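Quick look at entry-v1.cif (mmCIF, C-alpha atoms and all ligand atoms):
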data_coords
loop_
_atom_site.label_atom_id
_atom_site.label_comp_id
_atom_site.auth_asym_id
_atom_site.auth_seq_id
_atom_site.Cartn_x
_atom_site.Cartn_y
_atom_site.Cartn_z
CA MET S 1 0.00 0.00 0.00
CA ASN S 2 1.21 3.54 -0.78
CA GLU S 3 2.40 5.85 1.98
CA PRO S 4 -0.11 8.63 2.82
CA ALA S 5 0.68 12.09 1.46
CA ARG S 6 2.80 14.14 3.92
CA PHE S 7 0.84 17.18 5.05
CA ASP S 8 3.09 17.98 8.06
CA ARG S 9 4.92 20.85 6.48
CA LEU S 10 1.66 22.50 5.40
CA ALA S 11 0.01 22.27 8.82
CA ARG S 12 0.89 25.74 10.15
CA LEU S 13 0.30 27.55 6.85
CA TYR S 14 -2.69 25.54 5.70
CA ARG S 15 -5.40 27.99 6.70
CA TRP S 16 -3.53 30.97 5.22
CA ILE S 17 -2.91 29.21 1.91
CA GLU S 18 -6.61 28.39 1.87
CA TYR S 19 -7.76 31.97 2.63
CA PHE S 20 -5.35 33.32 0.05
CA SER S 21 -6.66 31.00 -2.67
CA PHE S 22 -10.38 30.52 -1.86
CA GLY S 23 -11.25 33.16 0.74
CA SER S 24 -13.84 31.81 3.13
CA TYR S 25 -15.55 29.49 0.61
CA LEU S 26 -13.99 26.22 1.78
CA GLN S 27 -14.93 26.93 5.38
CA GLN S 28 -18.47 27.87 4.25
CA CYS S 29 -18.67 24.54 2.45
CA ARG S 30 -17.50 22.62 5.55
CA MET S 31 -20.01 24.42 7.73
CA LEU S 32 -23.03 24.05 5.39
CA ARG S 33 -24.41 21.02 7.22
CA ILE S 34 -23.36 21.67 10.77
CA VAL S 35 -26.90 22.31 11.97
CA GLU S 36 -28.04 18.98 10.45
CA ILE S 37 -25.40 16.96 12.26
CA VAL S 38 -24.94 18.43 15.73
CA ALA S 39 -27.42 15.95 17.27
CA SER S 40 -25.33 12.91 16.23
CA PRO S 41 -23.97 11.19 19.34
CA ARG S 42 -20.86 9.55 17.78
CA ALA S 43 -18.80 10.89 14.90
CA LEU S 44 -15.88 9.66 12.87
CA VAL S 45 -13.97 12.53 11.24
CA TYR S 46 -11.36 11.83 8.57
CA GLY S 47 -8.47 14.08 7.59
CA ASP S 48 -9.82 17.25 9.14
CA GLY S 49 -6.45 18.92 8.72
CA ASP S 50 -6.00 21.71 11.24
CA PHE S 51 -9.45 21.00 12.67
CA ARG S 52 -11.24 24.28 12.18
CA PHE S 53 -14.36 22.28 11.36
CA LEU S 54 -14.05 19.86 14.26
CA ALA S 55 -13.36 22.64 16.79
CA GLU S 56 -16.61 24.30 15.74
CA LEU S 57 -18.51 21.00 15.73
CA VAL S 58 -17.60 20.14 19.33
CA ARG S 59 -18.16 23.73 20.43
CA ARG S 60 -21.76 23.34 19.25
CA ALA S 61 -22.11 19.70 20.36
CA PRO S 62 -19.95 19.33 23.48
CA GLU S 63 -21.37 15.88 24.34
CA MET S 64 -20.53 14.35 20.97
CA GLN S 65 -18.02 11.47 21.10
CA VAL S 66 -15.59 11.98 18.26
CA ALA S 67 -12.78 9.92 16.78
CA ALA S 68 -10.62 11.92 14.38
CA VAL S 69 -8.20 10.14 12.05
CA ASP S 70 -5.38 11.94 10.26
CA ALA S 71 -2.03 10.71 9.00
CA SER S 72 -0.25 13.97 9.79
CA GLY S 73 1.16 14.31 13.30
CA GLU S 74 1.65 18.05 12.79
CA MET S 75 -1.98 18.54 11.73
CA LEU S 76 -3.03 16.68 14.89
CA ARG S 77 -0.78 18.90 17.03
CA GLN S 78 -2.49 21.97 15.53
CA ALA S 79 -5.82 20.28 16.29
CA ALA S 80 -4.93 19.63 19.91
CA LYS S 81 -4.22 23.36 20.35
CA ARG S 82 -7.56 24.29 18.86
CA LEU S 83 -9.78 21.84 20.77
CA SER S 84 -11.04 22.62 24.24
CA SER S 85 -9.72 20.22 26.89
CA ASP S 86 -13.20 19.00 27.89
CA ALA S 87 -14.19 18.01 24.32
CA HIS S 88 -14.73 14.25 23.90
CA VAL S 89 -12.37 13.96 20.95
CA ARG S 90 -9.85 11.20 20.46
CA LEU S 91 -7.15 11.98 17.91
CA GLU S 92 -5.75 9.01 16.04
CA GLN S 93 -2.67 9.36 13.88
CA ALA S 94 -3.10 6.69 11.22
CA ASP S 95 -3.35 5.98 7.53
CA ALA S 96 -7.10 5.94 6.90
CA LEU S 97 -6.68 3.13 4.37
CA ALA S 98 -5.19 0.84 7.01
CA CYS S 99 -7.09 2.02 10.06
CA GLU S 100 -9.65 -0.42 11.50
CA VAL S 101 -12.15 2.17 12.62
CA GLY S 102 -14.69 -0.60 13.31
CA ALA S 103 -12.61 -1.52 16.37
CA PHE S 104 -12.68 2.02 17.78
CA PRO S 105 -14.35 2.30 21.21
CA GLU S 106 -16.72 4.99 19.85
CA ALA S 107 -18.11 2.68 17.11
CA PRO S 108 -20.75 2.25 15.79
CA PHE S 109 -20.76 5.80 14.44
CA ASP S 110 -23.87 7.77 13.50
CA LEU S 111 -21.92 10.32 11.55
CA VAL S 112 -18.90 10.22 9.25
CA VAL S 113 -17.33 13.46 8.02
CA SER S 114 -14.75 13.92 5.28
CA HIS S 115 -14.08 17.46 4.11
CA PHE S 116 -11.78 17.79 1.09
CA PHE S 117 -10.36 14.38 1.93
CA LEU S 118 -11.77 11.83 -0.54
CA ASP S 119 -9.95 13.66 -3.34
CA CYS S 120 -6.64 12.39 -1.88
CA PHE S 121 -7.48 8.88 -3.15
CA ASP S 122 -8.26 6.99 -6.33
CA GLU S 123 -11.40 4.87 -6.65
CA ALA S 124 -9.71 1.59 -5.63
CA GLU S 125 -8.43 3.28 -2.46
CA LEU S 126 -11.84 4.80 -1.80
CA ALA S 127 -13.39 1.32 -1.95
CA VAL S 128 -10.95 0.24 0.78
CA LEU S 129 -11.84 3.33 2.82
CA ALA S 130 -15.57 2.70 2.38
CA ALA S 131 -15.16 -0.90 3.56
CA HIS S 132 -13.49 0.39 6.76
CA VAL S 133 -16.28 2.92 7.21
CA ASN S 134 -18.94 0.26 6.68
CA ALA S 135 -17.42 -1.84 9.46
CA ALA S 136 -17.77 1.15 11.78
CA ALA S 137 -20.96 2.94 10.75
CA GLY S 138 -24.35 2.10 12.22
CA GLU S 139 -27.45 1.48 10.12
CA GLY S 140 -28.82 4.76 8.83
CA ALA S 141 -25.55 6.60 9.55
CA VAL S 142 -24.93 9.85 7.71
CA TRP S 143 -21.72 10.61 5.78
CA VAL S 144 -21.07 14.28 5.06
CA VAL S 145 -18.70 14.90 2.16
CA SER S 146 -17.24 18.21 0.99
CA ASP S 147 -15.17 18.17 -2.13
CA PHE S 148 -14.07 19.84 -5.29
CA SER S 149 -16.00 19.11 -8.45
CA ILE S 150 -15.73 20.18 -12.09
CA PRO S 151 -18.59 22.63 -12.83
CA ARG S 152 -20.94 21.96 -15.77
CA LEU S 153 -21.26 25.47 -17.22
CA PRO S 154 -18.80 25.85 -20.15
CA VAL S 155 -16.51 28.65 -18.93
CA ALA S 156 -16.76 27.61 -15.28
CA ARG S 157 -15.89 24.09 -16.39
CA GLN S 158 -12.60 25.20 -17.94
CA VAL S 159 -11.71 27.43 -15.00
CA GLY S 160 -12.65 24.63 -12.59
CA TRP S 161 -10.51 22.14 -14.46
CA LEU S 162 -7.53 24.54 -14.28
CA VAL S 163 -8.04 25.18 -10.56
CA VAL S 164 -8.33 21.48 -9.72
CA SER S 165 -5.33 20.55 -11.90
CA GLY S 166 -3.31 23.32 -10.25
CA LEU S 167 -4.25 22.04 -6.79
CA TYR S 168 -3.21 18.49 -7.64
CA LEU S 169 0.10 19.74 -9.00
CA ALA S 170 0.74 21.87 -5.88
CA PHE S 171 -0.14 19.02 -3.50
CA ARG S 172 1.98 16.59 -5.48
CA LEU S 173 5.00 18.91 -5.13
CA LEU S 174 4.36 19.85 -1.50
CA THR S 175 3.09 16.59 0.00
CA GLY S 176 3.94 13.81 -2.45
CA LEU S 177 0.23 13.18 -3.14
CA ARG S 178 -0.02 10.58 -5.91
CA THR S 179 -3.65 11.10 -6.93
CA ARG S 180 -3.87 13.21 -10.11
CA ARG S 181 -7.55 13.66 -10.76
CA LEU S 182 -10.81 13.85 -8.87
CA PRO S 183 -12.05 10.34 -8.15
CA ASP S 184 -15.66 9.35 -8.78
CA HIS S 185 -16.36 9.05 -5.07
CA GLY S 186 -20.13 8.93 -5.72
CA ARG S 187 -19.87 5.67 -7.65
CA VAL S 188 -17.76 4.08 -4.95
CA MET S 189 -20.08 5.23 -2.18
CA ARG S 190 -23.18 3.98 -4.00
CA ASP S 191 -21.49 0.63 -4.68
CA SER S 192 -20.63 0.46 -0.98
CA GLY S 193 -24.24 0.86 0.11
CA TRP S 194 -24.56 4.64 0.57
CA ARG S 195 -27.35 6.76 -0.89
CA LEU S 196 -27.04 10.44 -1.80
CA GLU S 197 -29.73 12.43 0.02
CA ASP S 198 -28.75 15.99 -0.69
CA ARG S 199 -26.15 17.90 -2.70
CA ARG S 200 -25.41 21.60 -2.62
CA ALA S 201 -22.96 23.50 -4.77
CA LEU S 202 -20.88 26.62 -4.17
CA LEU S 203 -18.74 28.68 -6.56
CA LEU S 204 -20.74 27.58 -9.63
CA GLY S 205 -20.24 23.94 -8.72
CA LEU S 206 -16.50 23.99 -8.01
CA LEU S 207 -17.29 23.03 -4.40
CA VAL S 208 -19.95 20.55 -3.36
CA SER S 209 -21.41 19.54 -0.03
CA GLU S 210 -23.17 16.19 0.07
CA ARG S 211 -25.16 14.25 2.63
CA TRP S 212 -25.15 10.49 2.14
CA ARG S 213 -27.03 7.93 4.19
CA ARG S 214 -26.14 4.33 4.73
CA SER S 215 -28.83 2.19 3.13
CA TYR S 216 -30.81 -0.02 5.44
CA ARG S 217 -29.98 -3.69 5.21
CA MET S 218 -32.76 -6.07 4.24
CA ASN S 219 -33.14 -9.69 5.37
CA ASP S 220 -29.84 -11.15 6.52
CA GLY S 221 -27.72 -8.15 5.69
CA GLU S 222 -26.71 -9.37 2.24
CA GLN S 223 -28.82 -6.91 0.30
CA HIS S 224 -29.00 -3.13 0.44
CA MET S 225 -31.83 -0.86 -0.57
CA ASN S 226 -30.02 1.38 -2.99
CA MET S 227 -32.57 3.14 -5.13
CA PRO S 228 -31.54 6.43 -6.77
CA SER S 229 -32.35 9.11 -4.25
CA ASN S 230 -34.31 12.29 -4.95
CA ALA S 231 -31.07 14.25 -4.92
CA GLU S 232 -29.54 11.99 -7.58
CA ALA S 233 -32.69 11.84 -9.67
CA ARG S 234 -32.70 15.64 -9.90
CA LEU S 235 -29.21 15.69 -11.43
CA PRO S 236 -28.88 15.36 -15.22
CA PRO S 237 -27.45 11.95 -16.19
CA SER S 238 -24.03 13.41 -17.08
CA HIS S 239 -23.77 14.87 -13.60
CA ARG S 240 -25.00 11.96 -11.55
CA ILE S 241 -22.35 10.71 -9.24
C1 LIG N 1 -6.38 18.19 1.62
S1 LIG N 1 -6.26 18.04 3.36
C2 LIG N 1 -7.89 18.41 3.86
C3 LIG N 1 -7.94 18.99 5.24
C4 LIG N 1 -9.30 19.44 5.74
N1 LIG N 1 -10.22 18.34 5.86
C5 LIG N 1 -9.92 20.51 4.90
O1 LIG N 1 -11.14 20.55 4.83
O2 LIG N 1 -9.22 21.34 4.35
C6 LIG N 1 -6.17 16.33 3.57
C7 LIG N 1 -6.00 15.89 5.03
O3 LIG N 1 -6.10 14.47 5.03
C8 LIG N 1 -4.97 13.92 5.64
N2 LIG N 1 -4.66 12.69 4.92
C9 LIG N 1 -4.25 12.56 3.62
N3 LIG N 1 -4.09 11.25 3.31
C10 LIG N 1 -4.41 10.56 4.44
C11 LIG N 1 -4.46 9.18 4.76
N4 LIG N 1 -4.14 8.24 3.86
N5 LIG N 1 -4.86 8.83 6.00
C12 LIG N 1 -5.21 9.75 6.93
N6 LIG N 1 -5.17 11.07 6.69
C13 LIG N 1 -4.77 11.46 5.46
C14 LIG N 1 -3.86 14.95 5.55
O4 LIG N 1 -2.90 14.80 6.57
C15 LIG N 1 -4.66 16.25 5.66
O5 LIG N 1 -4.86 16.61 7.00
#

Step by step, read the file and then write its structure as structure tokens.
Ligand SMILES: C[S@@+](CC[C@H](N)C(=O)[O-])C[C@H]1O[C@@H](n2cnc3c(N)ncnc32)[C@H](O)[C@@H]1O
Amino acid sequence: MNEPARFDRLARLYRWIEYFSFGSYLQQCRMLRIVEIVASPRALVYGDGDFRFLAELVRRAPEMQVAAVDASGEMLRQAAKRLSSDAHVRLEQADALACEVGAFPEAPFDLVVSHFFLDCFDEAELAVLAAHVNAAAGEGAVWVVSDFSIPRLPVARQVGWLVVSGLYLAFRLLTGLRTRRLPDHGRVMRDSGWRLEDRRALLLGLLVSERWRRSYRMNDGEQHMNMPSNAEARLPPSHRI
């Protein structure tokens, strides 16, 4: 298995690089669903970076039990500074592709969060990640995903493609990230038994915020109800994920 990308050297500057390039849009995208998820008792948060999202989540939901997985020790050190000492957050430094989150004491989780994280992987890796999540997520769990996307409108599409390509190049040089294009995370999540419930776009579709729900198992757990959801049915076929 490949080594995770090395985000340590970006940890201190991460938020400033982000503000410089996208203003407050990425943080807006992360926060879009916070009201929907604060009532979840147990959350699994992947690759939250310097934890601006998680700090806000536990500020609003101080009783929430959270396990946060990130490969970068320096990102986790920044997180520890940001989190209040009475928050119920356990920080786990691990490669998400090798981390048995199903064995975590907080499992089963009601909520999984991955902001700008799935784009670090290709589809085969995402299938591995989804299998780990499925071993840890309860029935009916929600998975909130923020990510980049290529817009559909012609000019926005070209600009979006340039922005995303530039980001991949920068992360390859700075962190050793091997992924070179946005994965089709929607296909992998659907194949893994998740159903898209809602999708919102920012910046003409360059940023998306999605809420997925784990399909309920039928009978002996072999089969999943995985009908196209309303959110997916509303998307034109070329844009379904
Ligand atoms: C692009 S940053 C996103 C950070 C943050 N979620 C955000 O919204 O900006 C990716 C984060 O995922 C972590 N990461 C990348 N690959 C990982 C892996 N294989 N396992 C665990 N964490 C990983 C990095 O250390 C970094 O904190």

Query - Between CA of Ala79 in chain S and CA of Asp48 in chain S - distance in Å to one decimal - result: 8.7 Å

Pull the closest atom pair for each residue of chain S that gets at most 6 Å from ligand LIG 1 (chain N), along with the distance in Å to one decimal, counting only C-alpha atoms and all ligand atoms, ordering rows by chain and then ascending residue number, as JSON lines.
{"residue": "S:Pro4", "atom": "CA", "partner": "N:LIG1", "partner_atom": "N4", "distance": 4.2}
{"residue": "S:Ala5", "atom": "CA", "partner": "N:LIG1", "partner_atom": "N3", "distance": 5.2}
{"residue": "S:Phe7", "atom": "CA", "partner": "N:LIG1", "partner_atom": "O4", "distance": 4.7}
{"residue": "S:Gly47", "atom": "CA", "partner": "N:LIG1", "partner_atom": "O3", "distance": 3.5}
{"residue": "S:Asp48", "atom": "CA", "partner": "N:LIG1", "partner_atom": "N1", "distance": 3.5}
{"residue": "S:Gly49", "atom": "CA", "partner": "N:LIG1", "partner_atom": "O5", "distance": 3.3}
{"residue": "S:Val69", "atom": "CA", "partner": "N:LIG1", "partner_atom": "C12", "distance": 5.9}
{"residue": "S:Asp70", "atom": "CA", "partner": "N:LIG1", "partner_atom": "N6", "distance": 3.7}
{"residue": "S:Ala71", "atom": "CA", "partner": "N:LIG1", "partner_atom": "C12", "distance": 3.9}
{"residue": "S:Ser72", "atom": "CA", "partner": "N:LIG1", "partner_atom": "O4", "distance": 4.3}
{"residue": "S:Met75", "atom": "CA", "partner": "N:LIG1", "partner_atom": "O5", "distance": 5.9}
{"residue": "S:Ala94", "atom": "CA", "partner": "N:LIG1", "partner_atom": "C12", "distance": 5.7}
{"residue": "S:Asp95", "atom": "CA", "partner": "N:LIG1", "partner_atom": "N5", "distance": 3.6}
{"residue": "S:Ala96", "atom": "CA", "partner": "N:LIG1", "partner_atom": "N5", "distance": 3.8}
{"residue": "S:Leu97", "atom": "CA", "partner": "N:LIG1", "partner_atom": "N4", "distance": 5.7}
{"residue": "S:His115", "atom": "CA", "partner": "N:LIG1", "partner_atom": "O1", "distance": 4.3}
{"residue": "S:Phe116", "atom": "CA", "partner": "N:LIG1", "partner_atom": "O1", "distance": 4.7}
{"residue": "S:Phe117", "atom": "CA", "partner": "N:LIG1", "partner_atom": "C6", "distance": 4.9}
{"residue": "S:Cys120", "atom": "CA", "partner": "N:LIG1", "partner_atom": "N3", "distance": 5.9}

Query raised in the report: CA of Met64 in chain S and CA of Ala39 in chain S, how far apart in Å?
Result: 8.0 Å

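With distances restricted to only C-alpha atoms, S:Val101 is the closest residue to Ala131 in chain S from S:Val101, S:Ala67, S:Ala80, S:Leu173.
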
Query raised in the report: Between CA of Arg211 in chain S and CA of Val144 in chain S, what is the distance, to one decimal in Å?
Result: 4.8 Å

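Among the candidate residues S:Glu18, S:Glu123, S:Asp110, S:Glu92, the one lying nearest to Asp184 in chain S is S:Glu123, with distances computed using only C-alpha atoms.
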
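Residue nearest Val163 in chain S, chosen from S:Ser114, S:Ser149, S:Thr175, S:Asn2 and counting only C-alpha atoms: S:Ser149.
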
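Between Ala156 in chain S and the residues S:Leu32, S:Val66, S:Leu206, S:Leu13, the shortest atom-to-atom distance, using all atoms listed in the file, involves S:Leu206.
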
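Every protein or nucleic acid residue with an atom no more than 12 Å from Val155 in chain S, counting only C-alpha atoms and leaving out same-chain residues fewer than 5 positions away, appears here: Ile150, Gly160, Trp161, Leu162, Leu204, Gly205 and Leu206 of chain S.
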
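Across S:Glu139, S:Asp198, S:Asp122, S:Asp50, the tightest approach to Leu76 in chain S is made by S:Asp50 when counting only C-alpha atoms.
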
Query raised in the report: So which residues are close to (-16.1, 26.4, -3.5), meaning at most 10 Å away in the file's coordinates with all atoms listed in the file counted, and can you show them as a ChimeraX atom specification?
Result: /S:22-30,146-149,160,201-209

Same residues, C-alpha atoms, saved as a compact mmCIF listing (two decimals), in the frame of the given file:
# COMPACT_ATOMS: atom_id res chain seq x y z
CA PHE S 22 -10.38 30.52 -1.86
CA GLY S 23 -11.25 33.16 0.74
CA SER S 24 -13.84 31.81 3.13
CA TYR S 25 -15.55 29.49 0.61
CA LEU S 26 -13.99 26.22 1.78
CA GLN S 27 -14.93 26.93 5.38
CA GLN S 28 -18.47 27.87 4.25
CA CYS S 29 -18.67 24.54 2.45
CA ARG S 30 -17.50 22.62 5.55
CA SER S 146 -17.24 18.21 0.99
CA ASP S 147 -15.17 18.17 -2.13
CA PHE S 148 -14.07 19.84 -5.29
CA SER S 149 -16.00 19.11 -8.45
CA GLY S 160 -12.65 24.63 -12.59
CA ALA S 201 -22.96 23.50 -4.77
CA LEU S 202 -20.88 26.62 -4.17
CA LEU S 203 -18.74 28.68 -6.56
CA LEU S 204 -20.74 27.58 -9.63
CA GLY S 205 -20.24 23.94 -8.72
CA LEU S 206 -16.50 23.99 -8.01
CA LEU S 207 -17.29 23.03 -4.40
CA VAL S 208 -19.95 20.55 -3.36
CA SER S 209 -21.41 19.54 -0.03

Query raised in the report: Can you tell me, as an MDAnalysis selection string, which residues sit within 12 Å of (-18.8, 7.8, 18.4) in the file's frame, using only C-alpha atoms?
Result: chainID S and resid 39:45 63:68 88:90 101:113 136:138 141

Report task. Name all residues at most 8 Å from Ala55 in chain S (count only C-alpha atoms; drop same-chain ones fewer than 6 positions away) and give them as an MDAnalysis selection string. Result -> chainID S and resid 79 82:84

Around all the atoms of range 56-61 of chain S listed in the file, with 3 Å of room on each side, what axis-aligned box do you get, giving centre and edge lengths in Å to one decimal, as lines of an AutoDock Vina configuration file?
center_x = -19.4
center_y = 22.0
center_z = 18.1
size_x = 11.5
size_y = 10.6
size_z = 10.7

**Report entry** 7 Å contact set for Arg213 in chain S, only C-alpha atoms, chain neighbours under 4 positions out, as a list in words
**Finding:** Gly140, Ala141, Val142, Trp143, Trp194, Arg195, Leu196 and Glu197 of chain S

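Every protein or nucleic acid residue with an atom no more than 9 Å from Leu126 in chain S, counting all atoms listed in the file and leaving out same-chain residues fewer than 2 positions away, appears here: Leu97, Leu118, Phe121, Asp122, Glu123, Ala124, Val128, Leu129, Ala130, Ala131, Pro183, His185, Val188 and Met189 of chain S.
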
Query raised in the report: Within 9 Å of Leu57 in chain S, counting only C-alpha atoms, which residues qualify if same-chain residues fewer than 6 places away don't, as a list in words?
Result: Met31, Ile34, Ile37, Val38 and Met64 of chain S
